[in-house]
file input-v3.cif (mmCIF, C-alpha atoms)
data_upload
loop_
_atom_site.label_atom_id
_atom_site.label_comp_id
_atom_site.auth_asym_id
_atom_site.auth_seq_id
_atom_site.Cartn_x
_atom_site.Cartn_y
_atom_site.Cartn_z
CA MET A 154 -62.35 130.26 44.44
CA ARG A 155 -60.70 128.15 41.79
CA ALA A 156 -59.07 124.95 43.01
CA GLU A 157 -56.04 125.92 40.95
CA ALA A 158 -55.56 129.00 43.13
CA LEU A 159 -53.17 126.97 45.24
CA CYS A 160 -50.90 126.08 42.33
CA PRO A 161 -47.47 127.75 42.13
CA SER A 162 -48.52 129.81 39.07
CA ASP A 163 -51.24 131.48 41.12
CA LEU A 164 -49.18 132.19 44.24
CA PRO A 165 -47.04 135.28 44.77
CA GLN A 166 -43.29 134.66 44.86
CA TYR A 167 -41.48 136.15 47.81
CA GLY A 168 -38.50 135.53 50.05
CA SER A 169 -35.55 133.50 48.88
CA PRO A 170 -35.26 129.83 48.03
CA PRO A 171 -33.91 127.36 50.61
CA SER A 172 -30.23 127.75 51.33
CA ALA A 173 -29.19 124.08 51.51
CA GLU A 174 -27.28 122.34 48.74
CA PRO A 175 -29.02 122.54 45.33
CA SER A 176 -28.87 118.75 45.01
CA VAL A 177 -31.24 118.50 47.98
CA HIS A 178 -34.01 120.32 46.17
CA PRO A 179 -36.24 119.37 43.26
CA SER A 180 -35.74 121.03 39.90
CA GLY A 181 -37.83 123.98 38.79
CA THR A 182 -38.62 127.41 40.15
CA PRO A 183 -39.28 127.70 43.89
CA THR A 184 -42.38 129.50 45.13
CA ALA A 185 -42.57 130.31 48.84
CA LEU A 186 -45.89 129.31 50.41
CA PRO A 187 -47.23 130.85 53.61
CA LEU A 188 -47.17 128.70 56.72
CA PRO A 189 -50.78 128.47 57.98
CA SER A 190 -51.46 130.18 61.29
CA ALA A 191 -52.96 126.91 62.50
CA ASN A 192 -49.47 125.48 62.32
CA GLY A 193 -48.40 127.76 65.16
CA ASP A 194 -44.66 128.14 65.28
CA GLY A 195 -44.14 124.72 63.71
CA THR A 196 -42.41 123.28 66.76
CA ALA A 197 -42.75 119.88 68.37
CA GLY A 198 -40.88 117.94 71.03
CA ASP A 199 -37.09 117.97 70.96
CA GLY A 200 -36.89 121.43 69.45
CA VAL A 201 -37.84 121.00 65.78
CA LYS A 202 -39.18 124.08 64.01
CA ILE A 203 -40.46 124.52 60.45
CA THR A 204 -39.21 127.78 58.95
CA ALA A 205 -40.43 127.76 55.34
CA LEU A 206 -42.53 125.87 52.79
CA TYR A 207 -41.86 125.88 49.04
CA ALA A 208 -43.47 124.60 45.85
CA TRP A 209 -41.12 123.58 43.04
CA GLY A 210 -42.22 123.07 39.47
CA PRO A 211 -43.47 124.62 36.26
CA GLN A 212 -45.13 127.98 36.44
CA SER A 213 -48.34 126.88 34.75
CA GLY A 214 -50.81 124.44 36.22
CA CYS A 215 -50.19 122.00 39.06
CA ALA A 216 -48.74 119.07 37.15
CA GLY A 217 -45.35 117.86 38.31
CA VAL A 218 -45.11 120.03 41.42
CA ASP A 219 -42.72 119.07 44.22
CA TYR A 220 -42.79 120.55 47.71
CA SER A 221 -40.05 121.15 50.24
CA ALA A 222 -39.92 122.49 53.78
CA ASP A 223 -37.02 124.09 55.60
CA PHE A 224 -36.61 123.26 59.27
CA GLU A 225 -34.33 123.77 62.24
CA ILE A 226 -33.39 121.27 64.92
CA THR A 227 -32.15 122.54 68.28
CA ASN A 228 -30.50 119.80 70.30
CA LYS A 229 -31.51 120.51 73.89
CA ARG A 230 -29.81 117.35 75.10
CA THR A 231 -26.42 117.23 76.79
CA GLU A 232 -24.97 114.84 74.20
CA LYS A 233 -24.68 114.57 70.44
CA ALA A 234 -27.81 112.96 68.96
CA THR A 235 -29.31 111.57 65.76
CA TYR A 236 -32.81 112.86 64.99
CA THR A 237 -35.55 111.22 62.95
CA VAL A 238 -38.43 113.60 62.23
CA THR A 239 -41.74 112.78 60.53
CA PHE A 240 -43.20 115.74 58.61
CA GLY A 241 -46.80 115.92 57.40
CA PHE A 242 -47.50 117.81 54.17
CA LEU A 243 -51.12 118.96 54.39
CA PRO A 244 -53.46 119.05 51.38
CA ALA A 245 -55.99 121.76 50.60
CA SER A 246 -58.81 119.27 51.11
CA ARG A 247 -57.97 118.92 54.83
CA ALA A 248 -58.30 115.16 54.38
CA GLY A 249 -55.39 112.76 54.20
CA GLY A 250 -51.89 114.03 53.70
CA ASP A 251 -48.41 112.77 52.90
CA ASN A 252 -45.83 112.04 55.58
CA VAL A 253 -42.09 112.13 54.94
CA ARG A 254 -39.46 110.91 57.38
CA LYS A 255 -36.09 112.65 57.59
CA THR A 256 -32.99 111.60 59.57
CA VAL A 257 -30.36 114.12 60.65
CA GLU A 258 -27.21 112.66 62.18
CA ALA A 259 -24.68 113.99 64.67
CA VAL A 260 -26.40 117.13 66.00
CA GLY A 261 -24.13 118.40 68.76
CA ALA A 262 -25.33 119.30 72.25
CA GLY A 263 -26.83 122.79 72.12
CA GLN A 264 -26.31 122.98 68.35
CA VAL A 265 -28.89 124.33 65.88
CA VAL A 266 -28.91 122.51 62.53
CA LYS A 267 -30.85 123.58 59.45
CA GLY A 268 -32.19 121.14 56.89
CA THR A 269 -34.70 120.53 54.12
CA VAL A 270 -37.26 117.80 53.62
CA VAL A 271 -38.77 117.10 50.19
CA LEU A 272 -42.13 115.71 49.14
CA GLY A 273 -41.70 114.44 45.60
CA LYS A 274 -44.10 114.40 42.68
CA GLY A 275 -47.27 112.42 43.00
CA ALA A 276 -48.38 113.68 46.40
CA GLY A 277 -51.62 111.79 46.49
CA ASN A 278 -53.84 114.43 48.05
CA GLY A 279 -53.62 117.40 45.71
CA PRO A 280 -51.88 120.75 46.21
CA VAL A 281 -50.10 121.22 49.53
CA THR A 282 -51.11 124.18 51.69
CA GLY A 283 -49.20 123.48 54.89
CA VAL A 284 -46.71 121.32 56.72
CA LYS A 285 -46.34 120.25 60.33
CA VAL A 286 -44.11 118.15 62.54
CA ILE A 287 -45.82 114.82 63.20
CA LYS A 288 -43.23 113.09 65.37
CA VAL A 289 -39.69 113.60 66.63
CA ARG A 290 -37.40 110.83 67.79
CA SER A 291 -33.81 111.28 68.95
CA VAL A 292 -31.16 108.83 70.07
CA PRO A 293 -27.64 109.43 71.40
CA GLU A 294 -25.23 109.50 68.49
CA ALA A 295 -22.98 106.98 70.26
CA GLU A 296 -25.93 104.56 70.48
CA ALA A 297 -27.50 105.13 67.07
CA PRO A 298 -28.59 101.95 65.23
CA SER A 299 -27.18 101.21 61.79
CA ALA A 300 -28.39 98.86 59.09
CA SER A 301 -25.72 99.82 56.56
CA GLY A 302 -22.71 102.01 56.03
CA THR A 303 -19.36 101.97 57.77
CA CYS A 304 -18.96 99.22 60.33
CA PRO A 305 -18.98 100.56 63.93
CA ASP A 306 -15.90 100.14 66.10
CA SER A 307 -17.69 97.29 67.88
CA GLY A 308 -17.67 95.26 64.66
CA MET A 309 -21.45 94.79 64.95
CA ARG A 310 -24.41 96.62 63.43
CA LEU A 311 -27.68 96.44 65.36
CA TYR A 312 -31.04 97.76 64.20
CA ALA A 313 -34.79 97.11 64.41
CA ASP A 314 -36.99 96.40 61.41
CA GLU A 315 -40.36 98.01 60.67
CA GLY A 316 -42.21 95.15 62.33
CA ASP A 317 -45.65 93.73 61.74
CA ALA A 318 -49.02 94.32 63.40
CA ALA A 319 -52.28 92.38 63.24
CA MET A 320 -55.28 92.19 65.59
CA GLY A 321 -53.48 93.99 68.39
CA LEU A 322 -50.34 91.82 68.17
CA ARG A 323 -47.05 93.59 67.48
CA VAL A 324 -43.83 91.89 66.36
CA VAL A 325 -40.51 93.64 65.68
CA GLY A 326 -37.20 92.01 64.79
CA LEU A 327 -33.85 93.02 66.29
CA HIS A 328 -31.08 92.36 63.78
CA LEU A 329 -27.39 91.95 64.62
CA VAL A 330 -24.86 91.88 61.77
CA ASN A 331 -21.23 90.89 62.20
CA CYS A 332 -19.57 93.50 59.98
CA GLY A 333 -16.18 93.12 61.65
CA THR A 334 -13.29 90.74 61.15
CA ARG A 335 -13.76 88.43 64.16
CA HIS A 336 -16.32 85.82 65.10
CA VAL A 337 -19.20 86.93 67.36
CA ARG A 338 -20.61 84.50 69.92
CA LEU A 339 -24.19 84.83 71.16
CA ASN A 340 -25.86 82.59 73.73
CA GLY A 341 -28.98 84.05 75.27
CA TYR A 342 -31.35 86.99 75.01
CA PRO A 343 -30.74 90.65 74.25
CA LYS A 344 -30.84 92.81 77.37
CA LEU A 345 -33.42 95.60 77.14
CA ALA A 346 -34.23 98.88 78.91
CA LEU A 347 -37.35 100.88 77.95
CA GLU A 348 -37.67 104.66 77.76
CA ASP A 349 -40.61 107.01 77.18
CA GLU A 350 -40.80 109.98 74.77
CA ASP A 351 -38.76 112.12 77.15
CA HIS A 352 -36.10 109.42 77.56
CA HIS A 353 -37.18 108.62 81.11
CA PRO A 354 -37.02 104.95 82.20
CA VAL A 355 -40.28 103.04 81.87
CA ASP A 356 -40.93 100.95 84.96
CA GLY A 357 -43.57 98.34 85.66
CA VAL A 358 -43.17 96.38 82.42
CA ARG A 359 -42.18 92.73 82.69
CA ILE A 360 -39.62 91.74 80.06
CA LEU A 361 -40.23 88.06 79.43
CA GLN A 362 -37.62 85.67 78.09
CA GLY A 363 -39.37 84.13 75.11
CA THR A 364 -42.36 85.31 73.12
CA ASP A 365 -44.68 82.34 73.77
CA GLN A 366 -46.42 84.16 76.64
CA ILE A 367 -47.43 86.84 74.14
CA SER A 368 -48.33 84.53 71.23
CA THR A 369 -47.21 81.19 69.86
CA GLY A 370 -45.59 80.57 66.49
CA LEU A 371 -43.42 83.69 66.49
CA GLY A 372 -40.12 81.80 66.52
CA GLY A 373 -39.08 83.10 69.93
CA ASP A 374 -40.38 80.34 72.18
CA SER A 375 -37.34 78.03 72.03
CA GLY A 376 -34.57 78.31 74.59
CA PRO A 377 -31.27 80.05 73.85
CA GLN A 378 -28.61 78.24 71.88
CA LEU A 379 -25.03 79.08 71.04
CA VAL A 380 -24.85 81.16 67.86
CA VAL A 381 -21.49 81.87 66.25
CA LEU A 382 -21.48 84.56 63.56
CA ARG A 383 -18.63 84.65 61.10
CA PRO A 384 -17.90 88.01 59.44
CA GLY A 385 -20.80 88.86 57.13
CA GLN A 386 -23.32 86.72 59.02
CA ALA A 387 -26.31 87.93 61.06
CA ALA A 388 -28.64 86.98 63.88
CA VAL A 389 -32.17 88.02 64.77
CA ALA A 390 -34.23 88.17 67.96
CA GLY A 391 -37.91 89.03 68.12
CA LEU A 392 -39.84 91.48 70.28
CA ALA A 393 -43.53 90.75 70.75
CA TRP A 394 -46.29 92.53 72.64
CA ARG A 395 -49.99 93.33 72.57
CA ASN A 396 -51.56 96.76 72.71
CA THR A 397 -54.64 95.64 74.66
CA THR A 398 -56.05 98.40 76.85
CA GLN A 399 -58.22 97.63 79.85
CA ALA A 400 -58.24 99.22 83.29
CA GLY A 401 -55.26 101.41 84.04
CA GLU A 402 -52.99 103.81 82.17
CA PRO A 403 -51.68 102.68 78.77
CA VAL A 404 -47.88 102.48 78.53
CA ASN A 405 -45.99 103.76 75.49
CA ALA A 406 -42.23 103.29 75.22
CA PRO A 407 -40.88 104.51 71.88
CA TYR A 408 -37.25 103.79 72.76
CA VAL A 409 -35.52 100.53 73.66
CA ARG A 410 -31.87 100.40 74.65
CA VAL A 411 -30.42 97.03 73.58
CA TRP A 412 -27.31 95.19 74.74
CA ALA A 413 -26.63 92.35 72.28
CA THR A 414 -24.42 90.61 74.86
CA PRO A 415 -23.71 91.41 78.51
CA THR A 416 -20.42 93.12 77.58
CA ALA A 417 -21.56 94.87 74.37
CA ASP A 418 -22.08 98.61 74.07
CA PRO A 419 -25.77 99.59 74.06
CA VAL A 420 -27.67 100.56 70.92
CA MET A 421 -30.95 102.47 71.07
CA VAL A 422 -33.71 101.42 68.66
CA VAL A 423 -37.16 102.94 68.22
CA PRO A 424 -39.79 100.17 67.91
CA GLU A 425 -42.59 102.44 69.24
CA LEU A 426 -43.83 100.03 71.89
CA ASP A 427 -47.55 100.63 72.50
CA LEU A 428 -47.98 98.17 75.35
CA GLY A 429 -51.51 99.17 76.34
CA THR A 430 -52.15 98.04 79.89
CA THR A 431 -50.67 94.55 79.41
CA GLY A 432 -47.43 95.32 81.25
CA LYS A 433 -45.58 92.66 79.25
CA LEU A 434 -42.96 92.54 76.52
CA GLY A 435 -41.60 89.27 75.18
CA VAL A 436 -38.08 88.95 73.76
CA GLY A 437 -36.87 85.89 71.91
CA PRO A 438 -33.35 84.44 72.00
CA TRP A 439 -30.75 85.25 69.39
CA ARG A 440 -30.86 82.83 66.46
CA LYS A 441 -28.87 82.80 63.24
CA ASP A 442 -30.54 84.59 60.34
CA ASP A 443 -29.84 82.29 57.41
CA THR A 444 -31.78 84.58 55.06
CA PHE A 445 -29.36 87.49 55.55
CA SER A 446 -27.05 88.48 52.71
CA ASP A 447 -24.42 91.15 53.37
CA PRO A 448 -24.38 93.31 50.21
CA ALA A 449 -21.43 95.37 51.44
CA GLY A 450 -19.30 92.36 52.27
CA ALA A 451 -15.86 93.12 53.57
CA ALA A 452 -15.83 96.56 51.95
CA ALA A 453 -17.67 98.13 54.88
CA ARG A 454 -15.50 96.47 57.52
CA PRO A 455 -12.70 98.29 59.29
#
call {"tool": "encode", "arguments": {"input": "input-v3.cif", "output": "structure tokens"}}
result
Amino acid sequence: MRAEALCPSDLPQYGSPPSAEPSVHPSGTPTALPLPSANGDGTAGDGVKITALYAWGPQSGCAGVDYSADFEITNKRTEKATYTVTFGFLPASRAGGDNVRKTVEAVGAGQVVKGTVVLGKGAGNGPVTGVKVIKVRSVPEAEAPSASGTCPDSGMRLYADEGDAAMGLRVVGLHLVNCGTRHVRLNGYPKLALEDEDHHPVDGVRILQGTDQISTGLGGDSGPQLVVLRPGQAAVAGLAWRNTTQAGEPVNAPYVRVWATPTADPVMVVPELDLGTTGKLGVGPWRKDDTFSDPAGAAARP
């Protein structure tokens, strides 16, 4: 069989193109690709289902081909939620692949929402022959983190960064931005509550004040100090843990509910805590982030 047999020019066209807005899709002519039987029904946790796979591009050769997948999200929760889904576009070689992350906001309780995810040109592993759901994460819409956009009613944006990992040590930053019009006073540590993949509380993990019991030199081993954030300023607090696994059952807690202050509304972040069997998570105190620059300025404030 020719390797080019998987190019759009060699595949039969059938069905209809995706129904979402044209601006969502790449340019070119869509060719519907069969979903491999090995993909099953395309579902994963939290009710995500892949419904179609398309190639977009010229009708000769494989150069410049984009791929897109249609999907459905069924919110089985009792509250409105924001979903972040990681899709894996599978190459013909069965080795490697390209993952694309898609966020869908404000899916109502019991609601079914349709969407499209696009893999752009330059997929590094050759023609795509399948797609699957790699991971699904959902947070209550009222507790969704935000790094940009309209300032929440609280006047504060809270989010987690992508973190860093080396030799079993994990470090993730919690960022708090004063996007409101009043000063924000911080004096202590963020309050945390851990949840597993099914949003059940994770017990048996000690949340340590300070990160020095996890590792030194992470900037979270000094005691809390008063931090006053003027509008447009930000603070940061570090999470640190190790993924060492010895005797016992490893603990994974994808979700962390964060209270910036004792009276603040909670925000749920997704740092993907892989705590191994250590049973410990270190959290540093809030400290001013002098490197932060608010690109939105007052424009995003209420």
call {"tool": "closest_residue", "arguments": {"input": "input-v3.cif", "among": "A:Leu345, A:Ala262, A:Ala208, A:Leu426", "to": "Leu322 in chain A", "atoms": "all atoms listed in the file"}}
result
A:Leu426
call {"tool": "atom_distance", "arguments": {"input": "input-v3.cif", "atom1": "CA of Tyr207 in chain A", "atom2": "CA of Ala234 in chain A"}}
result
27.6 Å
call {"tool": "resolve_selection", "arguments": {"input": "input-v3.cif", "expression": "the PyMOL selection byres ((chain A and resi 411-417) around 10)", "output": "mmCIF file with C-alpha atoms, keeping the file's coordinate frame"}}
result
data_model
loop_
_atom_site.group_PDB
_atom_site.id
_atom_site.type_symbol
_atom_site.label_atom_id
_atom_site.label_comp_id
_atom_site.auth_asym_id
_atom_site.auth_seq_id
_atom_site.Cartn_x
_atom_site.Cartn_y
_atom_site.Cartn_z
ATOM 1 C CA GLU A 296 -25.930 104.560 70.480
ATOM 2 C CA PRO A 298 -28.590 101.950 65.230
ATOM 3 C CA SER A 307 -17.690 97.290 67.880
ATOM 4 C CA MET A 309 -21.450 94.790 64.950
ATOM 5 C CA LEU A 311 -27.680 96.440 65.360
ATOM 6 C CA TYR A 312 -31.040 97.760 64.200
ATOM 7 C CA LEU A 327 -33.850 93.020 66.290
ATOM 8 C CA HIS A 328 -31.080 92.360 63.780
ATOM 9 C CA LEU A 329 -27.390 91.950 64.620
ATOM 10 C CA VAL A 337 -19.200 86.930 67.360
ATOM 11 C CA ARG A 338 -20.610 84.500 69.920
ATOM 12 C CA LEU A 339 -24.190 84.830 71.160
ATOM 13 C CA ASN A 340 -25.860 82.590 73.730
ATOM 14 C CA GLY A 341 -28.980 84.050 75.270
ATOM 15 C CA TYR A 342 -31.350 86.990 75.010
ATOM 16 C CA PRO A 343 -30.740 90.650 74.250
ATOM 17 C CA LYS A 344 -30.840 92.810 77.370
ATOM 18 C CA LEU A 345 -33.420 95.600 77.140
ATOM 19 C CA ALA A 346 -34.230 98.880 78.910
ATOM 20 C CA LEU A 347 -37.350 100.880 77.950
ATOM 21 C CA ALA A 390 -34.230 88.170 67.960
ATOM 22 C CA TYR A 408 -37.250 103.790 72.760
ATOM 23 C CA VAL A 409 -35.520 100.530 73.660
ATOM 24 C CA ARG A 410 -31.870 100.400 74.650
ATOM 25 C CA ASP A 418 -22.080 98.610 74.070
ATOM 26 C CA PRO A 419 -25.770 99.590 74.060
ATOM 27 C CA VAL A 420 -27.670 100.560 70.920
ATOM 28 C CA MET A 421 -30.950 102.470 71.070
ATOM 29 C CA VAL A 422 -33.710 101.420 68.660
ATOM 30 C CA TRP A 439 -30.750 85.250 69.390
#
call {"tool": "residues_around", "arguments": {"input": "input-v3.cif", "residues": "Leu272 in chain A", "least_positions_apart": "6", "cutoff": "12 Å", "atoms": "all atoms listed in the file", "output": "ChimeraX atom specification"}}
result
/A:177-179,206-209,217-223,239-243,250-255,278,280-281,283-284
call {"tool": "residues_around", "arguments": {"input": "input-v3.cif", "residues": "Gly435 in chain A", "least_positions_apart": "3", "cutoff": "10 Å", "atoms": "all atoms listed in the file", "output": "list in words"}}
result
Val324, Arg359, Ile360, Leu361, Gln362, Gly363, Thr364, Asp365, Gln366, Ile367, Ser368, Gly373, Asp374, Gly391, Leu392, Ala393, Trp394 and Arg395 of chain A
call {"tool": "residues_around", "arguments": {"input": "input-v3.cif", "residues": "Gln386 in chain A", "least_positions_apart": "6", "cutoff": "9 Å", "atoms": "all atoms listed in the file", "output": "MDAnalysis selection string"}}
result
chainID A and resid 329:332 441:443 445:447
call {"tool": "atom_distance", "arguments": {"input": "input-v3.cif", "atom1": "CA of Thr431 in chain A", "atom2": "CA of Met320 in chain A"}}
result
14.8 Å
call {"tool": "decode", "arguments": {"input": "input-v3.cif", "residues": "range 380-406 of chain A", "atoms": "N, CA, C and O atoms", "output": "mmCIF file, in the first residue's frame"}}
result
data_model
loop_
_atom_site.group_PDB
_atom_site.id
_atom_site.type_symbol
_atom_site.label_atom_id
_atom_site.label_comp_id
_atom_site.auth_asym_id
_atom_site.auth_seq_id
_atom_site.Cartn_x
_atom_site.Cartn_y
_atom_site.Cartn_z
ATOM 1 N N VAL A 380 1.340 41.782 52.247
ATOM 2 C CA VAL A 380 1.472 42.173 50.843
ATOM 3 C C VAL A 380 0.244 42.999 50.484
ATOM 4 O O VAL A 380 -0.884 42.551 50.674
ATOM 5 N N VAL A 381 0.476 44.196 49.996
ATOM 6 C CA VAL A 381 -0.617 45.064 49.559
ATOM 7 C C VAL A 381 -0.493 45.245 48.047
ATOM 8 O O VAL A 381 0.523 45.741 47.553
ATOM 9 N N LEU A 382 -1.538 44.823 47.334
ATOM 10 C CA LEU A 382 -1.543 44.924 45.877
ATOM 11 C C LEU A 382 -2.422 46.095 45.445
ATOM 12 O O LEU A 382 -3.625 46.120 45.716
ATOM 13 N N ARG A 383 -1.826 47.053 44.792
ATOM 14 C CA ARG A 383 -2.597 48.098 44.150
ATOM 15 C C ARG A 383 -3.223 47.548 42.869
ATOM 16 O O ARG A 383 -2.793 46.511 42.356
ATOM 17 N N PRO A 384 -4.231 48.194 42.319
ATOM 18 C CA PRO A 384 -4.797 47.730 41.046
ATOM 19 C C PRO A 384 -3.710 47.565 39.986
ATOM 20 O O PRO A 384 -2.865 48.444 39.801
ATOM 21 N N GLY A 385 -3.715 46.421 39.314
ATOM 22 C CA GLY A 385 -2.721 46.130 38.298
ATOM 23 C C GLY A 385 -1.513 45.394 38.817
ATOM 24 O O GLY A 385 -0.656 44.983 38.026
ATOM 25 N N GLN A 386 -1.401 45.193 40.140
ATOM 26 C CA GLN A 386 -0.280 44.453 40.692
ATOM 27 C C GLN A 386 -0.671 42.999 40.961
ATOM 28 O O GLN A 386 -1.856 42.635 40.957
ATOM 29 N N ALA A 387 0.353 42.148 41.205
ATOM 30 C CA ALA A 387 0.108 40.717 41.344
ATOM 31 C C ALA A 387 0.966 40.126 42.452
ATOM 32 O O ALA A 387 1.978 40.694 42.872
ATOM 33 N N ALA A 388 0.546 38.967 42.914
ATOM 34 C CA ALA A 388 1.288 38.197 43.911
ATOM 35 C C ALA A 388 1.389 36.760 43.424
ATOM 36 O O ALA A 388 0.634 36.315 42.554
ATOM 37 N N VAL A 389 2.334 36.022 43.998
ATOM 38 C CA VAL A 389 2.545 34.631 43.624
ATOM 39 C C VAL A 389 2.827 33.814 44.878
ATOM 40 O O VAL A 389 3.414 34.305 45.836
ATOM 41 N N ALA A 390 2.360 32.574 44.877
ATOM 42 C CA ALA A 390 2.664 31.608 45.931
ATOM 43 C C ALA A 390 2.974 30.281 45.260
ATOM 44 O O ALA A 390 2.327 29.912 44.274
ATOM 45 N N GLY A 391 3.957 29.570 45.770
ATOM 46 C CA GLY A 391 4.393 28.344 45.118
ATOM 47 C C GLY A 391 3.810 27.088 45.744
ATOM 48 O O GLY A 391 3.643 27.008 46.965
ATOM 49 N N LEU A 392 3.515 26.100 44.902
ATOM 50 C CA LEU A 392 3.206 24.745 45.341
ATOM 51 C C LEU A 392 4.388 23.870 44.981
ATOM 52 O O LEU A 392 4.944 23.976 43.883
ATOM 53 N N ALA A 393 4.780 22.994 45.906
ATOM 54 C CA ALA A 393 5.917 22.112 45.653
ATOM 55 C C ALA A 393 5.625 20.728 46.203
ATOM 56 O O ALA A 393 5.054 20.588 47.291
ATOM 57 N N TRP A 394 6.014 19.716 45.450
ATOM 58 C CA TRP A 394 5.830 18.331 45.902
ATOM 59 C C TRP A 394 6.795 17.425 45.149
ATOM 60 O O TRP A 394 7.432 17.828 44.179
ATOM 61 N N ARG A 395 6.893 16.206 45.610
ATOM 62 C CA ARG A 395 7.681 15.181 44.929
ATOM 63 C C ARG A 395 6.775 14.019 44.556
ATOM 64 O O ARG A 395 5.804 13.728 45.256
ATOM 65 N N ASN A 396 7.117 13.352 43.457
ATOM 66 C CA ASN A 396 6.289 12.248 42.992
ATOM 67 C C ASN A 396 6.885 10.892 43.351
ATOM 68 O O ASN A 396 6.601 9.886 42.707
ATOM 69 N N THR A 397 7.725 10.861 44.395
ATOM 70 C CA THR A 397 8.372 9.624 44.824
ATOM 71 C C THR A 397 7.327 8.565 45.173
ATOM 72 O O THR A 397 6.348 8.848 45.866
ATOM 73 N N THR A 398 7.547 7.356 44.695
ATOM 74 C CA THR A 398 6.637 6.250 44.975
ATOM 75 C C THR A 398 7.403 5.135 45.663
ATOM 76 O O THR A 398 8.376 4.600 45.121
ATOM 77 N N GLN A 399 6.958 4.814 46.862
ATOM 78 C CA GLN A 399 7.528 3.689 47.598
ATOM 79 C C GLN A 399 6.382 2.757 47.978
ATOM 80 O O GLN A 399 5.530 2.469 47.134
ATOM 81 N N ALA A 400 6.362 2.276 49.195
ATOM 82 C CA ALA A 400 5.273 1.386 49.604
ATOM 83 C C ALA A 400 3.986 2.171 49.745
ATOM 84 O O ALA A 400 3.976 3.300 50.231
ATOM 85 N N GLY A 401 2.893 1.586 49.311
ATOM 86 C CA GLY A 401 1.601 2.239 49.427
ATOM 87 C C GLY A 401 1.023 2.596 48.069
ATOM 88 O O GLY A 401 1.606 2.309 47.015
ATOM 89 N N GLU A 402 -0.141 3.222 48.097
ATOM 90 C CA GLU A 402 -0.863 3.589 46.879
ATOM 91 C C GLU A 402 -0.541 5.024 46.491
ATOM 92 O O GLU A 402 -0.723 5.939 47.290
ATOM 93 N N PRO A 403 -0.052 5.247 45.261
ATOM 94 C CA PRO A 403 0.230 6.616 44.828
ATOM 95 C C PRO A 403 -1.037 7.469 44.838
ATOM 96 O O PRO A 403 -2.135 6.981 44.565
ATOM 97 N N VAL A 404 -0.860 8.754 45.158
ATOM 98 C CA VAL A 404 -1.984 9.688 45.230
ATOM 99 C C VAL A 404 -1.871 10.692 44.094
ATOM 100 O O VAL A 404 -0.843 11.337 43.921
ATOM 101 N N ASN A 405 -2.945 10.802 43.309
ATOM 102 C CA ASN A 405 -3.032 11.810 42.256
ATOM 103 C C ASN A 405 -4.225 12.717 42.557
ATOM 104 O O ASN A 405 -5.327 12.229 42.822
ATOM 105 N N ALA A 406 -3.980 14.006 42.513
ATOM 106 C CA ALA A 406 -5.035 14.996 42.778
ATOM 107 C C ALA A 406 -4.960 16.069 41.694
ATOM 108 O O ALA A 406 -4.241 17.054 41.844
#
